[in-house]
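Visitor: Just passing along the structure, written as structure tokens.
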Amino acid sequence: MKPGEVDLGTTIMAVQFKDGVIVGADSRTTTGSYIANRVTDKLTSVHDRIFCCRSGSAADTQAIADIVHYYLQMFTVEQGKPPQVHTAASLFQELVYSNKDKLSAGIIVAGIDKVDGPSVWSIPLGGSLHKQPFAIGGSGSTYIYGYCDAAFKNGMSKEEAIAFTKNAVSLAMSRDGSSGGVIRLAVITNDGVERIFVPGDQLPEFWQG
């Protein structure tokens, strides 16, 4: 981070379920130890059924998401059909990898398309690309690998996947000083995108020492 640069010290997550995908994130943006924004929306739509979750430098990830959004709009006009999620993920990967020495960007791409159905892709720092049934990222993710490994199961229903994502992000927020605020979710299916907002006083509660 450059001095004064705004950091998405964060918890981001995407989960594939039976009929679609869910993306989720906390809402805290920090500049050092100062909370610059407590209600940030870290879920960014890059196409009708494709979202990305952003962690790292706010400036870097916003710029990359804007570029990918532009390319996907151009693709839709030129090809006359919506892009695949893999196409969006590959664009993110190319941008992050080719600028890996200059960027601080860890991105999760998730969505649904007619070719591959629902899918989740992770692009960590450095610009590698990984297809996974679920992905977690950001500073808060280090606290919840064990929970996610234990609680995730393939073919979850929408309700199970929402509960899994809410619990995981809430657990990370309770441990990570750079994560906090509210939880924002987006449920992406063939029927459209449903946004869910979980206020700070309605988060799932767990043991707190």
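Quick note on naming: the chains in the structure tokens go A, B, ... in the order shown, residues restart at 1 in each chain, and ligands are numbered from 1 in order of appearance.
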Which stretch 118-171 of chain A residues have any atom within 10 Å of an atom of stretch 5-25 of chain A, and for each, what is the nearest pair of atoms with distance in Å to one decimal, counting only C-alpha atoms, rows sorted by chain and number, as JSON lines?
Guide:
```
{"residue": "A:Pro118", "atom": "CA", "partner": "A:Gly20", "partner_atom": "CA", "distance": 4.9}
{"residue": "A:Ser119", "atom": "CA", "partner": "A:Gln16", "partner_atom": "CA", "distance": 6.2}
{"residue": "A:Val120", "atom": "CA", "partner": "A:Gln16", "partner_atom": "CA", "distance": 6.5}
{"residue": "A:Trp121", "atom": "CA", "partner": "A:Ala14", "partner_atom": "CA", "distance": 8.6}
{"residue": "A:Ser122", "atom": "CA", "partner": "A:Ala14", "partner_atom": "CA", "distance": 9.0}
{"residue": "A:Gln132", "atom": "CA", "partner": "A:Gln16", "partner_atom": "CA", "distance": 8.5}
{"residue": "A:Pro133", "atom": "CA", "partner": "A:Gln16", "partner_atom": "CA", "distance": 5.4}
{"residue": "A:Phe134", "atom": "CA", "partner": "A:Val15", "partner_atom": "CA", "distance": 4.3}
{"residue": "A:Ala135", "atom": "CA", "partner": "A:Ala14", "partner_atom": "CA", "distance": 5.3}
{"residue": "A:Ile136", "atom": "CA", "partner": "A:Met13", "partner_atom": "CA", "distance": 4.3}
{"residue": "A:Gly137", "atom": "CA", "partner": "A:Ile12", "partner_atom": "CA", "distance": 5.1}
{"residue": "A:Gly138", "atom": "CA", "partner": "A:Thr10", "partner_atom": "CA", "distance": 4.8}
{"residue": "A:Ser139", "atom": "CA", "partner": "A:Thr10", "partner_atom": "CA", "distance": 5.4}
{"residue": "A:Gly140", "atom": "CA", "partner": "A:Thr11", "partner_atom": "CA", "distance": 4.7}
{"residue": "A:Ser141", "atom": "CA", "partner": "A:Thr11", "partner_atom": "CA", "distance": 5.7}
{"residue": "A:Thr142", "atom": "CA", "partner": "A:Thr11", "partner_atom": "CA", "distance": 9.1}
{"residue": "A:Tyr143", "atom": "CA", "partner": "A:Thr11", "partner_atom": "CA", "distance": 9.8}
{"residue": "A:Ile144", "atom": "CA", "partner": "A:Thr11", "partner_atom": "CA", "distance": 9.7}
{"residue": "A:Phe152", "atom": "CA", "partner": "A:Val15", "partner_atom": "CA", "distance": 8.9}
{"residue": "A:Lys153", "atom": "CA", "partner": "A:Phe17", "partner_atom": "CA", "distance": 8.9}
{"residue": "A:Asn154", "atom": "CA", "partner": "A:Phe17", "partner_atom": "CA", "distance": 7.0}
{"residue": "A:Gly155", "atom": "CA", "partner": "A:Lys18", "partner_atom": "CA", "distance": 4.7}
{"residue": "A:Met156", "atom": "CA", "partner": "A:Phe17", "partner_atom": "CA", "distance": 5.0}
{"residue": "A:Ser157", "atom": "CA", "partner": "A:Lys18", "partner_atom": "CA", "distance": 5.9}
{"residue": "A:Lys158", "atom": "CA", "partner": "A:Phe17", "partner_atom": "CA", "distance": 6.5}
{"residue": "A:Glu159", "atom": "CA", "partner": "A:Phe17", "partner_atom": "CA", "distance": 9.6}
{"residue": "A:Glu160", "atom": "CA", "partner": "A:Phe17", "partner_atom": "CA", "distance": 8.6}
{"residue": "A:Ala161", "atom": "CA", "partner": "A:Phe17", "partner_atom": "CA", "distance": 6.4}
{"residue": "A:Ile162", "atom": "CA", "partner": "A:Ile22", "partner_atom": "CA", "distance": 7.1}
{"residue": "A:Phe164", "atom": "CA", "partner": "A:Val15", "partner_atom": "CA", "distance": 8.7}
{"residue": "A:Thr165", "atom": "CA", "partner": "A:Gly24", "partner_atom": "CA", "distance": 6.7}
{"residue": "A:Lys166", "atom": "CA", "partner": "A:Gly24", "partner_atom": "CA", "distance": 7.7}
{"residue": "A:Ala168", "atom": "CA", "partner": "A:Met13", "partner_atom": "CA", "distance": 8.5}
{"residue": "A:Val169", "atom": "CA", "partner": "A:Thr11", "partner_atom": "CA", "distance": 6.4}
{"residue": "A:Ser170", "atom": "CA", "partner": "A:Thr11", "partner_atom": "CA", "distance": 9.2}
{"residue": "A:Leu171", "atom": "CA", "partner": "A:Thr11", "partner_atom": "CA", "distance": 9.9}
```
Visitor: Would you mind listing what lies within 8 Å of A:Val96 as number ranges by chain, with only C-alpha atoms counted and same-chain residues fewer than 6 positions away left out?
Guide: A: 103, 105, 125-127
Visitor: Would you mind reading off the distance between atom CA of A:Gly181 and atom CA of A:Ala151, one decimal, in Å?
Guide: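 Calculated distance between atom CA of A:Gly181 and atom CA of A:Ala151 is 23.5 Å.
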Visitor: Measuring atom to atom with only C-alpha atoms, identify which of A:Ile188, A:Gly209, A:Glu94, A:Val198 is nearest to A:Arg49.
Guide: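 Among A:Ile188, A:Gly209, A:Glu94, A:Val198, it is A:Ile188 that comes nearest to A:Arg49.
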